[in-house]
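Colleague: For reference, this is coords-v1.txt, and it has compact mmCIF, C-alpha atoms and all ligand atoms.
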```txt
# COMPACT_ATOMS: atom_id res chain seq x y z
CA MET P 20 0.00 0.00 0.00
CA LYS P 21 1.16 3.54 -0.80
CA ALA P 22 -0.01 7.10 -0.28
CA PHE P 23 0.20 10.57 -1.75
CA ILE P 24 -0.12 13.32 0.85
CA HIS P 25 -0.45 17.11 0.68
CA ALA P 26 -1.90 17.09 -2.83
CA ALA P 27 -3.05 20.64 -3.65
CA LYS P 28 -6.45 19.16 -4.50
CA ILE P 29 -7.87 15.70 -5.01
CA TYR P 30 -10.84 15.72 -7.36
CA THR P 31 -12.99 12.79 -6.24
CA GLY P 32 -16.02 13.45 -8.47
CA GLU P 33 -18.30 12.18 -5.67
CA ALA P 34 -21.14 14.67 -6.27
CA ILE P 35 -21.03 13.87 -9.99
CA ILE P 36 -21.75 10.22 -9.18
CA ASN P 37 -24.55 11.19 -6.80
CA LYS P 38 -26.15 13.27 -9.55
CA GLU P 39 -25.50 10.60 -12.22
CA GLY P 40 -23.58 13.20 -14.19
CA ARG P 41 -26.64 15.41 -14.72
CA MET P 42 -27.24 19.13 -14.09
CA LEU P 43 -23.74 19.73 -12.74
CA LYS P 44 -22.48 22.84 -10.96
CA PRO P 45 -18.74 23.67 -10.77
CA ALA P 46 -18.47 22.51 -7.12
CA ASP P 47 -19.61 18.99 -8.08
CA VAL P 48 -16.00 18.04 -8.96
CA SER P 49 -15.78 17.50 -5.16
CA ALA P 50 -12.22 18.75 -4.69
CA ILE P 51 -10.49 18.04 -1.37
CA ALA P 52 -7.81 20.66 -0.57
CA ASP P 53 -4.51 19.44 0.95
CA GLY P 54 -5.61 15.92 0.12
CA ALA P 55 -4.29 12.44 0.78
CA ILE P 56 -5.01 9.23 -1.07
CA VAL P 57 -4.15 5.68 0.01
CA PHE P 58 -4.03 2.96 -2.61
CA ASP P 59 -2.51 -0.35 -3.65
CA GLU P 60 -1.81 -1.60 -7.15
CA LYS P 61 -5.48 -2.28 -7.80
CA LYS P 62 -7.78 -0.19 -5.64
CA ILE P 63 -8.13 3.06 -3.75
CA HIS P 64 -8.46 2.46 0.01
CA TRP P 65 -8.92 5.92 1.46
CA VAL P 66 -9.29 9.56 0.32
CA GLY P 67 -9.56 12.67 2.48
CA THR P 68 -7.58 15.62 3.80
CA THR P 69 -3.98 14.97 4.82
CA LYS P 70 -4.86 16.14 8.33
CA GLU P 71 -7.50 13.43 8.67
CA LEU P 72 -5.31 10.57 7.40
CA PRO P 73 -6.17 7.67 9.76
CA LYS P 74 -3.43 6.54 12.15
CA LYS P 75 -3.17 3.10 10.53
CA PHE P 76 -2.03 4.71 7.25
CA GLN P 77 0.43 7.17 8.75
CA LYS P 78 3.38 4.76 8.61
CA LEU P 79 2.93 4.08 4.89
CA LYS P 80 5.52 5.13 2.34
CA ALA P 81 4.02 8.46 1.27
CA THR P 82 4.93 10.90 -1.50
CA HIS P 83 4.71 14.50 -0.25
CA LEU P 84 3.31 16.70 -3.02
CA LYS P 85 3.92 20.02 -1.20
CA ASN P 86 0.49 21.29 -2.27
CA LYS P 87 1.83 21.80 -5.78
CA ASN P 88 -0.04 19.06 -7.65
CA ALA P 89 -3.68 18.20 -8.19
CA ILE P 90 -4.82 14.58 -8.56
CA ILE P 91 -7.63 13.60 -10.91
CA PRO P 92 -8.95 10.27 -12.26
CA GLY P 93 -7.08 8.98 -15.31
CA LEU P 94 -8.78 10.48 -18.36
CA ILE P 95 -11.07 8.30 -20.46
CA ASP P 96 -11.14 8.72 -24.24
CA SER P 97 -14.45 6.98 -24.92
CA HIS P 98 -14.52 7.15 -28.74
CA THR P 99 -11.52 6.48 -30.99
CA HIS P 100 -10.78 4.71 -34.25
CA LEU P 101 -7.23 3.81 -33.16
CA VAL P 102 -6.49 0.93 -35.52
CA PHE P 103 -5.93 1.67 -39.20
CA ALA P 104 -3.18 1.99 -41.80
CA GLY P 105 -2.31 4.66 -44.33
CA SER P 106 -2.63 8.42 -44.43
CA ARG P 107 -5.31 10.79 -45.70
CA ALA P 108 -3.07 13.88 -45.74
CA GLN P 109 -3.70 14.38 -49.47
CA GLU P 110 -7.48 14.24 -48.98
CA PHE P 111 -7.16 16.66 -46.09
CA ALA P 112 -5.37 19.10 -48.39
CA ARG P 113 -8.19 18.71 -50.94
CA ARG P 114 -10.75 19.38 -48.25
CA CYS P 115 -8.88 22.51 -47.26
CA ALA P 116 -9.00 23.58 -50.93
CA GLY P 117 -12.80 23.29 -50.95
CA ALA P 118 -13.86 19.65 -51.48
CA THR P 119 -16.31 18.40 -48.83
CA TYR P 120 -15.95 15.29 -46.65
CA GLN P 121 -18.98 13.74 -48.35
CA GLU P 122 -17.74 14.58 -51.87
CA ILE P 123 -14.47 12.80 -51.19
CA ALA P 124 -16.35 9.82 -49.71
CA ASN P 125 -18.70 9.66 -52.73
CA GLU P 126 -15.68 9.44 -55.05
CA GLY P 127 -14.52 6.29 -53.26
CA GLY P 128 -12.11 8.13 -50.97
CA GLY P 129 -12.60 8.87 -47.28
CA ILE P 130 -13.24 5.80 -45.16
CA LEU P 131 -12.66 3.55 -48.21
CA THR P 132 -9.12 4.94 -48.70
CA THR P 133 -8.33 3.81 -45.17
CA VAL P 134 -10.10 0.48 -45.73
CA ASN P 135 -7.83 -0.33 -48.69
CA ALA P 136 -4.69 0.50 -46.70
CA THR P 137 -5.91 -1.42 -43.64
CA ARG P 138 -6.78 -4.53 -45.63
CA ALA P 139 -3.29 -4.48 -47.18
CA ALA P 140 -1.51 -3.98 -43.84
CA LYS P 141 0.06 -6.83 -41.89
CA PHE P 142 -1.03 -7.38 -38.29
CA GLU P 143 2.39 -6.25 -36.98
CA GLU P 144 2.22 -2.99 -38.92
CA LEU P 145 -1.25 -2.22 -37.54
CA PHE P 146 -0.12 -3.15 -34.04
CA GLU P 147 2.99 -0.95 -34.13
CA SER P 148 1.11 2.13 -35.32
CA ALA P 149 -1.73 1.61 -32.83
CA LEU P 150 0.78 1.15 -29.99
CA LYS P 151 2.49 4.46 -30.83
CA ARG P 152 -0.89 6.20 -30.92
CA ALA P 153 -1.95 4.72 -27.57
CA LEU P 154 1.26 6.06 -26.02
CA ILE P 155 0.55 9.53 -27.41
CA ALA P 156 -2.90 9.39 -25.78
CA TYR P 157 -1.21 8.24 -22.55
CA ARG P 158 1.01 11.31 -22.54
CA HIS P 159 -2.12 13.46 -22.72
CA GLY P 160 -3.40 11.85 -19.51
CA VAL P 161 -5.57 9.14 -21.08
CA ARG P 162 -5.60 5.90 -19.08
CA THR P 163 -8.71 4.26 -20.58
CA ILE P 164 -9.30 4.26 -24.30
CA GLU P 165 -12.07 2.84 -26.44
CA CYS P 166 -10.89 1.49 -29.81
CA LYS P 167 -13.19 0.68 -32.72
CA SER P 168 -12.66 -1.57 -35.67
CA GLY P 169 -14.37 -0.44 -38.87
CA TYR P 170 -11.65 0.00 -41.45
CA GLY P 171 -11.85 -3.59 -42.62
CA LEU P 172 -15.41 -3.92 -43.90
CA ASP P 173 -14.82 -7.62 -44.38
CA HIS P 174 -14.72 -10.47 -41.89
CA GLU P 175 -10.96 -11.10 -41.94
CA THR P 176 -9.84 -7.49 -41.61
CA GLU P 177 -12.38 -6.60 -38.92
CA ILE P 178 -11.17 -9.57 -36.87
CA LYS P 179 -7.53 -8.61 -37.54
CA CYS P 180 -8.16 -5.08 -36.21
CA LEU P 181 -9.95 -6.34 -33.08
CA LYS P 182 -7.03 -8.70 -32.46
CA VAL P 183 -4.74 -5.67 -32.57
CA VAL P 184 -6.76 -4.17 -29.69
CA ALA P 185 -6.46 -7.48 -27.80
CA ALA P 186 -2.68 -7.34 -28.31
CA LEU P 187 -2.60 -3.73 -27.05
CA LYS P 188 -4.26 -4.90 -23.83
CA GLN P 189 -1.33 -7.28 -23.30
CA ALA P 190 1.35 -4.82 -24.36
CA LEU P 191 0.19 -1.83 -22.30
CA PRO P 192 -1.17 -3.01 -18.93
CA GLN P 193 -0.87 0.59 -17.68
CA MET P 194 -3.88 1.42 -19.85
CA THR P 195 -7.41 -0.01 -20.09
CA PHE P 196 -8.63 -0.80 -23.60
CA ILE P 197 -12.28 -1.21 -24.50
CA SER P 198 -12.84 -2.88 -27.81
CA THR P 199 -15.76 -1.98 -30.10
CA TYR P 200 -16.83 -3.82 -33.25
CA LEU P 201 -17.85 -1.25 -35.87
CA GLY P 202 -18.22 -3.47 -38.92
CA ALA P 203 -21.11 -1.21 -39.95
CA HIS P 204 -18.87 1.83 -40.45
CA ALA P 205 -19.42 2.12 -44.22
CA ILE P 206 -20.69 0.00 -47.09
CA PRO P 207 -17.88 -2.02 -48.75
CA ILE P 208 -17.57 -1.62 -52.53
CA ASP P 209 -16.65 -5.24 -53.20
CA GLN P 210 -19.74 -6.85 -51.64
CA LYS P 211 -23.45 -6.30 -52.01
CA ARG P 212 -24.91 -4.30 -49.14
CA SER P 213 -27.26 -7.12 -48.10
CA GLN P 214 -24.47 -9.70 -48.35
CA TYR P 215 -22.19 -7.68 -46.08
CA ILE P 216 -24.98 -7.15 -43.55
CA ASP P 217 -25.61 -10.92 -43.53
CA GLU P 218 -21.88 -11.49 -43.04
CA MET P 219 -21.88 -9.19 -40.01
CA LEU P 220 -25.03 -10.74 -38.53
CA HIS P 221 -24.26 -14.41 -39.10
CA LYS P 222 -20.48 -14.65 -39.25
CA THR P 223 -18.52 -11.77 -37.76
CA LEU P 224 -20.70 -10.88 -34.75
CA PRO P 225 -20.91 -14.50 -33.51
CA ALA P 226 -17.14 -14.93 -34.05
CA VAL P 227 -16.42 -11.67 -32.22
CA LYS P 228 -18.57 -12.80 -29.32
CA LYS P 229 -17.09 -16.30 -29.19
CA ALA P 230 -13.49 -15.08 -29.14
CA ARG P 231 -14.42 -12.19 -26.82
CA LEU P 232 -12.92 -9.73 -29.25
CA ALA P 233 -15.30 -6.87 -28.46
CA ASP P 234 -17.23 -5.48 -25.52
CA ILE P 235 -19.45 -3.22 -27.59
CA CYS P 236 -21.05 -3.11 -31.07
CA ASP P 237 -21.37 0.26 -32.85
CA VAL P 238 -23.07 1.27 -36.13
CA PHE P 239 -22.80 4.41 -38.27
CA ILE P 240 -26.37 5.41 -39.12
CA ASP P 241 -26.43 8.20 -41.70
CA GLU P 242 -27.22 9.08 -45.29
CA GLY P 243 -24.95 7.05 -47.55
CA TYR P 244 -24.09 4.68 -44.68
CA TYR P 245 -26.54 2.46 -42.74
CA SER P 246 -30.27 3.12 -42.44
CA LEU P 247 -32.10 3.31 -39.15
CA ALA P 248 -33.70 -0.11 -39.81
CA GLU P 249 -30.37 -1.74 -40.75
CA GLY P 250 -28.71 -0.24 -37.69
CA GLU P 251 -31.47 -1.49 -35.41
CA ARG P 252 -31.22 -4.99 -36.87
CA ILE P 253 -27.46 -5.17 -36.33
CA LEU P 254 -27.64 -3.77 -32.80
CA ARG P 255 -30.48 -6.09 -31.76
CA THR P 256 -28.43 -9.07 -32.93
CA ALA P 257 -25.41 -7.76 -30.97
CA LYS P 258 -27.57 -7.32 -27.87
CA LYS P 259 -28.88 -10.87 -28.16
CA LEU P 260 -25.27 -12.05 -28.19
CA GLY P 261 -24.67 -10.12 -24.97
CA LEU P 262 -22.73 -7.17 -26.34
CA HIS P 263 -23.34 -3.56 -25.33
CA THR P 264 -24.32 -1.14 -28.09
CA LYS P 265 -23.50 2.38 -29.31
CA ILE P 266 -24.47 4.47 -32.31
CA HIS P 267 -22.63 7.02 -34.48
CA ALA P 268 -25.82 9.07 -34.46
CA ASP P 269 -27.16 12.17 -36.20
CA GLU P 270 -23.70 13.25 -37.37
CA LEU P 271 -23.92 14.35 -41.02
CA THR P 272 -27.73 14.40 -41.24
CA ASN P 273 -30.59 13.82 -38.79
CA SER P 274 -31.89 10.26 -38.87
CA GLU P 275 -33.38 10.21 -35.35
CA SER P 276 -30.73 7.65 -34.48
CA ALA P 277 -30.16 9.24 -31.06
CA ARG P 278 -33.74 8.21 -30.26
CA LEU P 279 -32.97 4.69 -31.43
CA ALA P 280 -29.99 4.62 -29.03
CA ALA P 281 -32.26 5.59 -26.14
CA LYS P 282 -34.87 3.02 -27.18
CA LEU P 283 -32.27 0.23 -27.32
CA HIS P 284 -30.70 1.31 -23.97
CA SER P 285 -27.41 1.79 -25.79
CA LEU P 286 -24.44 2.90 -23.70
CA SER P 287 -24.10 6.04 -25.80
CA ALA P 288 -25.17 8.01 -28.85
CA ASP P 289 -22.15 9.73 -30.35
CA HIS P 290 -21.57 12.85 -32.51
CA LEU P 291 -25.12 14.36 -32.46
CA LEU P 292 -24.24 17.41 -34.57
CA LYS P 293 -27.70 17.20 -36.15
CA ILE P 294 -29.74 15.85 -33.22
CA SER P 295 -33.39 17.01 -33.10
CA GLU P 296 -35.27 18.37 -30.10
CA LYS P 297 -37.03 15.04 -29.76
CA GLY P 298 -33.64 13.33 -29.79
CA ILE P 299 -32.38 15.63 -27.04
CA ALA P 300 -35.47 14.92 -24.91
CA ALA P 301 -35.11 11.17 -25.46
CA LEU P 302 -31.45 11.12 -24.37
CA ALA P 303 -32.12 13.35 -21.36
CA LYS P 304 -34.75 10.89 -20.10
CA SER P 305 -32.58 7.84 -20.73
CA ASP P 306 -29.44 6.23 -19.34
CA THR P 307 -27.75 6.60 -22.72
CA VAL P 308 -24.77 8.95 -22.58
CA ALA P 309 -24.58 11.74 -25.19
CA THR P 310 -20.98 11.58 -26.40
CA LEU P 311 -19.82 14.79 -28.06
CA LEU P 312 -16.79 15.03 -30.32
CA PRO P 313 -15.95 18.71 -30.71
CA GLY P 314 -12.66 17.96 -32.49
CA THR P 315 -14.69 16.49 -35.37
CA ALA P 316 -16.92 19.57 -35.69
CA PHE P 317 -13.76 21.70 -35.67
CA TYR P 318 -11.95 19.51 -38.22
CA LEU P 319 -14.98 19.34 -40.55
CA LYS P 320 -15.81 23.02 -40.00
CA GLU P 321 -19.31 22.03 -38.89
CA LYS P 322 -21.48 23.62 -36.21
CA TYR P 323 -20.73 22.14 -32.78
CA ALA P 324 -23.21 19.73 -31.20
CA PRO P 325 -25.89 21.42 -29.05
CA ALA P 326 -24.12 20.65 -25.78
CA ARG P 327 -25.97 23.25 -23.71
CA ALA P 328 -29.37 22.06 -24.87
CA LEU P 329 -28.43 18.47 -23.97
CA LEU P 330 -26.95 19.42 -20.60
CA ASP P 331 -29.79 21.76 -19.66
CA ALA P 332 -32.32 19.07 -20.55
CA GLY P 333 -30.54 16.76 -18.07
CA ALA P 334 -28.49 14.50 -20.35
CA CYS P 335 -25.27 12.87 -19.18
CA VAL P 336 -22.59 14.16 -21.60
CA ALA P 337 -19.18 12.67 -22.42
CA VAL P 338 -16.50 14.27 -24.59
CA ALA P 339 -14.01 12.23 -26.63
CA THR P 340 -11.48 12.74 -29.43
CA ASP P 341 -13.06 10.57 -32.18
CA PHE P 342 -9.42 10.10 -33.22
CA ASN P 343 -9.54 8.86 -36.84
CA PRO P 344 -7.70 9.56 -40.10
CA GLY P 345 -10.51 11.52 -41.78
CA SER P 346 -12.64 13.67 -39.56
CA CYS P 347 -10.42 14.25 -36.51
CA TYR P 348 -6.74 13.44 -36.63
CA SER P 349 -5.96 14.26 -33.01
CA LEU P 350 -5.27 12.20 -29.89
CA ASN P 351 -5.24 15.23 -27.62
CA LEU P 352 -8.19 14.83 -25.22
CA PRO P 353 -7.36 18.01 -23.21
CA LEU P 354 -7.62 19.93 -26.50
CA MET P 355 -11.19 18.58 -26.87
CA MET P 356 -11.88 19.81 -23.33
CA ASN P 357 -10.65 23.25 -24.40
CA LEU P 358 -13.04 23.25 -27.39
CA SER P 359 -15.85 22.10 -25.07
CA ALA P 360 -15.26 25.08 -22.81
CA LEU P 361 -14.90 27.64 -25.59
CA TYR P 362 -17.45 26.51 -28.15
CA MET P 363 -19.86 24.20 -26.33
CA HIS P 364 -20.04 26.47 -23.27
CA MET P 365 -19.56 23.68 -20.75
CA ASN P 366 -18.66 24.52 -17.14
CA SER P 367 -15.66 23.02 -15.34
CA ALA P 368 -17.63 20.21 -13.66
CA GLU P 369 -19.33 19.31 -16.95
CA ILE P 370 -15.92 19.15 -18.64
CA PHE P 371 -14.44 17.13 -15.78
CA ALA P 372 -17.34 14.65 -15.83
CA SER P 373 -17.24 14.38 -19.62
CA VAL P 374 -13.80 12.72 -19.53
CA THR P 375 -14.22 10.85 -16.21
CA TYR P 376 -17.60 9.63 -14.84
CA SER P 377 -19.73 10.15 -17.95
CA ALA P 378 -17.06 8.70 -20.24
CA ALA P 379 -16.79 5.69 -17.90
CA LYS P 380 -20.57 5.29 -18.02
CA SER P 381 -20.51 5.36 -21.81
CA LEU P 382 -18.23 2.30 -21.64
CA GLY P 383 -20.08 0.53 -18.81
CA LEU P 384 -17.18 1.21 -16.41
CA GLN P 385 -18.77 3.68 -14.00
CA GLU P 386 -18.47 1.32 -11.00
CA THR P 387 -14.67 1.23 -11.18
CA LYS P 388 -13.39 4.16 -13.26
CA GLY P 389 -13.80 7.92 -13.44
CA ALA P 390 -13.85 8.76 -9.71
CA LEU P 391 -11.40 8.73 -6.81
CA LEU P 392 -13.20 6.99 -3.96
CA PRO P 393 -12.52 3.87 -1.88
CA GLY P 394 -13.21 0.77 -3.96
CA TYR P 395 -12.54 2.46 -7.31
CA ASP P 396 -9.51 1.49 -9.39
CA SER P 397 -6.27 3.19 -8.38
CA ASP P 398 -6.27 4.84 -11.77
CA PHE P 399 -5.34 8.49 -11.38
CA ILE P 400 -2.95 11.11 -12.67
CA VAL P 401 -0.87 13.57 -10.68
CA LEU P 402 -1.02 16.84 -12.61
CA PRO P 403 1.99 19.15 -12.97
CA TYR P 404 -0.17 22.03 -11.65
CA ASP P 405 -2.38 22.58 -8.63
CA HIS P 406 -5.88 22.74 -10.12
CA PHE P 407 -7.85 20.91 -12.80
CA GLU P 408 -8.90 23.96 -14.88
CA GLU P 409 -5.26 24.47 -15.97
CA MET P 410 -5.64 21.28 -17.99
CA TYR P 411 -8.07 22.77 -20.49
CA TYR P 412 -6.84 26.37 -20.21
CA ARG P 413 -3.64 25.19 -21.92
CA MET P 414 -4.54 24.80 -25.57
CA GLY P 415 -3.12 21.82 -27.37
CA TRP P 416 -0.08 21.47 -25.04
O1 LIG P 501 -16.39 9.06 -36.37
N1 LIG P 501 -18.53 9.03 -38.55
C1 LIG P 501 -17.96 8.08 -39.02
N2 LIG P 501 -16.71 7.73 -38.87
C2 LIG P 501 -15.64 8.54 -38.46
C3 LIG P 501 -14.91 9.10 -39.62
C4 LIG P 501 -14.12 8.09 -40.23
C5 LIG P 501 -13.22 8.51 -41.35
O2 LIG P 501 -13.41 9.55 -42.01
O3 LIG P 501 -12.29 7.75 -41.56
C6 LIG P 501 -16.10 9.53 -37.45
O4 LIG P 501 -16.16 10.74 -37.68
FE FE P 502 -16.27 7.96 -34.81
```
Spit out the file's structure as structure tokens when you get a sec.
Ligand code: NIG
Ligand code: FE
Modeller:
Amino acid sequence: MKAFIHAAKIYTGEAIINKEGRMLKPADVSAIADGAIVFDEKKIHWVGTTKELPKKFQKLKATHLKNKNAIIPGLIDSHTHLVFAGSRAQEFARRCAGATYQEIANEGGGILTTVNATRAAKFEELFESALKRALIAYRHGVRTIECKSGYGLDHETEIKCLKVVAALKQALPQMTFISTYLGAHAIPIDQKRSQYIDEMLHKTLPAVKKARLADICDVFIDEGYYSLAEGERILRTAKKLGLHTKIHADELTNSESARLAAKLHSLSADHLLKISEKGIAALAKSDTVATLLPGTAFYLKEKYAPARALLDAGACVAVATDFNPGSCYSLNLPLMMNLSALYMHMNSAEIFASVTYSAAKSLGLQETKGALLPGYDSDFIVLPYDHFEEMYYRMGW
């Protein structure tokens, strides 16, 4: 057992848990000044002020932080497309010169460019690049990261990408990886739509379940991608197999897929740039987390998701990077927190919760991650400054 004592502040997030991440006020970060935390390799045993540290812990080997450092839960990046090969720098340059994301996709570029590169890549190549990316996220304070497949669009490559995530779990025990099967990320050009859907339903999903290659199943419901009915069919099959579900919802156009997420009790509905008022009301009433990806709005020069409307209606909101080669090529979660403050008008507790408790909830991990209380995982970061707000005040550091 070990301890940190005289931390400038320990942000436990206790009030955020009590309020289930809804209607948060700045004080809900539940910061303890001059804090102490007692932990072993797995769990937190005690948190409080240094003055109140119980006698039985006073002989422990303790690190004295001189009231210079704040301690927060390890950040959770709850939406990334970490595993892929190739580069879309040329397409990015075209986009900057005026082509739209959808135009490039319609010409067979976009996601399909990455699919071709990912199919051609060897496992080792995919693993090495994903490992480097995970370590970049780590340096930004991320300790839990969700990783989607979705750049295979065929059975073999989807399985290969999920196996890369399994290998990351072994290679980086200092991080927690959550694996998501997103076979329904786009329509492949070398298979009929209905054939590929059958392959996902009858071959890949059962294989993923059997080999425990994913915790969650995600679908991209949008114009030019999967319809609401197709998405529902895939997610219902995943649920029957015992997987959690998520939706890339109402991103490019409104399809009322956020409402589908609430109806299916999905863990989260993500993106939501084009969510309707009915969609907002449905999420606010549900246990489905609204996951916002401000880096994607920024990178696509789109209007930001209506964060305030969601928060004021009582939704539980997470923020993630959406790291991917097309619509947000960034692994910097604190930068997304900065965008959330500036352009989505979120307060400090809402930002804190969006990358801790609410992000944990969107991955089904809220019992063990995203808070610093006895019984929770000893998964925290000691910041090089004495308060949390500094983390998103610094832009892109
Ligand atoms: O989350 N929305 C769909 N998929 C990704 C983009 C993927 C890509 O362009 O490669 C996203 O934004
Ligand atoms: Fe995404």
Colleague: Nearest to Ile235 in chain P: which of P:Thr264, P:Gln385, P:Thr307, P:Ser106 is it, counting all atoms listed in the file?
Modeller: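 Smallest separation from Ile235 in chain P among the options: P:Thr264.
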Colleague: Just the residues within 7 Å of Ile197 in chain P, please, counting only C-alpha atoms, with nothing from its chain fewer than 6 positions along; format it as a list in words.
Modeller: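 Residues near the query, excluding close chain neighbours: Ile164, Glu165, Cys166 and Asp234 of chain P.
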Colleague: Quick one: distance from CA of Phe399 in chain P to CA of Ile91 in chain P in Å, one decimal?
Modeller: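 Separation of CA of Phe399 in chain P and CA of Ile91 in chain P: 5.6 Å.
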Colleague: Kindly indicate which residue among P:Gly171, P:Gly67, P:Pro325, P:Pro225 lies nearest to Leu260 in chain P, using all atoms listed in the file for the distances.
Modeller: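 Going through P:Gly171, P:Gly67, P:Pro325, P:Pro225 one by one, the smallest distance to Leu260 in chain P is for P:Pro225.
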Colleague: Which one is closest to Met42 in chain P: P:Lys182, P:Arg327, P:Lys265, P:His221? Count only C-alpha atoms.
Modeller: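 Closest to Met42 in chain P, using only C-alpha atoms: P:Arg327.
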Colleague: Show me as an mmCIF file with C-alpha atoms, in the frame of the given file the residues that reach within 9 Å of (-9.3, 2.9, -47.1), counting only C-alpha atoms and using the file's own coordinates.
Modeller:
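Full text of out_20.cif as output:
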```cif
data_model
loop_
_atom_site.group_PDB
_atom_site.id
_atom_site.type_symbol
_atom_site.label_atom_id
_atom_site.label_comp_id
_atom_site.auth_asym_id
_atom_site.auth_seq_id
_atom_site.Cartn_x
_atom_site.Cartn_y
_atom_site.Cartn_z
ATOM 1 C CA PHE P 103 -5.930 1.670 -39.200
ATOM 2 C CA ALA P 104 -3.180 1.990 -41.800
ATOM 3 C CA GLY P 105 -2.310 4.660 -44.330
ATOM 4 C CA ARG P 107 -5.310 10.790 -45.700
ATOM 5 C CA GLY P 127 -14.520 6.290 -53.260
ATOM 6 C CA GLY P 128 -12.110 8.130 -50.970
ATOM 7 C CA GLY P 129 -12.600 8.870 -47.280
ATOM 8 C CA ILE P 130 -13.240 5.800 -45.160
ATOM 9 C CA LEU P 131 -12.660 3.550 -48.210
ATOM 10 C CA THR P 132 -9.120 4.940 -48.700
ATOM 11 C CA THR P 133 -8.330 3.810 -45.170
ATOM 12 C CA VAL P 134 -10.100 0.480 -45.730
ATOM 13 C CA ASN P 135 -7.830 -0.330 -48.690
ATOM 14 C CA ALA P 136 -4.690 0.500 -46.700
ATOM 15 C CA THR P 137 -5.910 -1.420 -43.640
ATOM 16 C CA ARG P 138 -6.780 -4.530 -45.630
ATOM 17 C CA TYR P 170 -11.650 0.000 -41.450
ATOM 18 C CA GLY P 171 -11.850 -3.590 -42.620
#
```
Colleague: Taking all atoms listed in the file into account, report as a ChimeraX atom specification which residues have an atom no farther than 8 Å from an atom of ligand LIG 501 (chain P).
Modeller: /P:99-100,120,129-131,133,170,204,239,267,270-271,290,315,341-347
Colleague: So which one's closest to Tyr244 in chain P, P:Thr387, P:Asn351, P:Gln121, P:Ser373? Using all atoms listed in the file, please.
Modeller: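 Among P:Thr387, P:Asn351, P:Gln121, P:Ser373, it is P:Gln121 that comes nearest to Tyr244 in chain P.
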Colleague: Write out as a VMD selection string each polymer residue whose atoms come within 9 Å of range 362-372 of chain P, counting all atoms listed in the file; drop sequence neighbours fewer than 5 positions from it.
Modeller: chain P and resid 32 35 40 to 48 313 323 to 327 330 335 to 338 356 to 357 377 to 378 389 407 to 408 411
Colleague: Suppose you want the space between CA of Ile178 in chain P and CA of His263 in chain P; what is it in Å?
Modeller: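 That distance, rounded to one decimal, is 17.8 Å.
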Colleague: Quick one, how far is CA of Arg413 in chain P from CA of Ala26 in chain P?
Modeller: 20.8 Å
Colleague: Would you mind listing what lies within 12 Å of Pro192 in chain P as JSON, numbers by chain, with only C-alpha atoms counted and same-chain residues fewer than 3 positions away left out?
Modeller: {"P": [60, 61, 150, 153, 154, 157, 162, 163, 185, 186, 187, 188, 189, 195, 196, 398]}
Colleague: Pull the neighbourhood of (-29.4, 14.0, -31.8) for me: all residues within 10 Å in file coordinates, counting only C-alpha atoms, as a count of residues only.
Modeller: 31
Colleague: Find the residue from P:Ala230, P:Ile206, P:Ile240, P:Leu392 that sits nearest to ligand FE 502 (chain P); use all atoms listed in the file when measuring.
Modeller: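 So, comparing all the options, the nearest one is P:Ile240.
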Colleague: Compare P:Phe23, P:Phe58, P:Tyr200, P:Trp65 by their minimum atom-to-atom distance to ligand FE 502 (chain P), counting all atoms listed in the file, and give me the closest one.
Modeller: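 Checking each candidate against ligand FE 502 (chain P), we get P:Tyr200 as the closest.
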Colleague: As AutoDock Vina command-line options, what would the box around range 265-281 of chain P look like: edges along x, y and z, 5 Å added on every side, centre and edge lengths in Å to one decimal?
Modeller:
```
--center_x -28.2 --center_y 8.4 --center_z -33.7 --size_x 21.1 --size_y 22.0 --size_z 25.1
```
Colleague: Since the input lacks atoms, please generate N, CA and C atoms for range 127-134 of chain P and provide them as a PDB file, in the frame of the given file.
Modeller:
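Full text of rebuild19.pdb as output:
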```pdb
ATOM      1  N   GLY P 127     -15.229   7.529 -53.627  1.00  0.00           N
ATOM      2  CA  GLY P 127     -14.520   6.290 -53.260  1.00  0.00           C
ATOM      3  C   GLY P 127     -13.311   6.558 -52.374  1.00  0.00           C
ATOM      4  N   GLY P 128     -13.181   7.799 -51.918  1.00  0.00           N
ATOM      5  CA  GLY P 128     -12.110   8.130 -50.970  1.00  0.00           C
ATOM      6  C   GLY P 128     -12.647   8.037 -49.554  1.00  0.00           C
ATOM      7  N   GLY P 129     -12.116   8.841 -48.663  1.00  0.00           N
ATOM      8  CA  GLY P 129     -12.600   8.870 -47.280  1.00  0.00           C
ATOM      9  C   GLY P 129     -12.359   7.539 -46.583  1.00  0.00           C
ATOM     10  N   ILE P 130     -13.381   7.043 -45.927  1.00  0.00           N
ATOM     11  CA  ILE P 130     -13.240   5.800 -45.160  1.00  0.00           C
ATOM     12  C   ILE P 130     -12.673   4.683 -46.058  1.00  0.00           C
ATOM     13  N   LEU P 131     -13.113   4.654 -47.335  1.00  0.00           N
ATOM     14  CA  LEU P 131     -12.660   3.550 -48.210  1.00  0.00           C
ATOM     15  C   LEU P 131     -11.160   3.621 -48.530  1.00  0.00           C
ATOM     16  N   THR P 132     -10.583   4.817 -48.542  1.00  0.00           N
ATOM     17  CA  THR P 132      -9.120   4.940 -48.700  1.00  0.00           C
ATOM     18  C   THR P 132      -8.432   4.198 -47.558  1.00  0.00           C
ATOM     19  N   THR P 133      -8.936   4.443 -46.351  1.00  0.00           N
ATOM     20  CA  THR P 133      -8.330   3.810 -45.170  1.00  0.00           C
ATOM     21  C   THR P 133      -8.608   2.306 -45.161  1.00  0.00           C
ATOM     22  N   VAL P 134      -9.778   1.916 -45.666  1.00  0.00           N
ATOM     23  CA  VAL P 134     -10.100   0.480 -45.730  1.00  0.00           C
ATOM     24  C   VAL P 134      -9.089  -0.246 -46.624  1.00  0.00           C
TER      25      VAL P 134
END
```
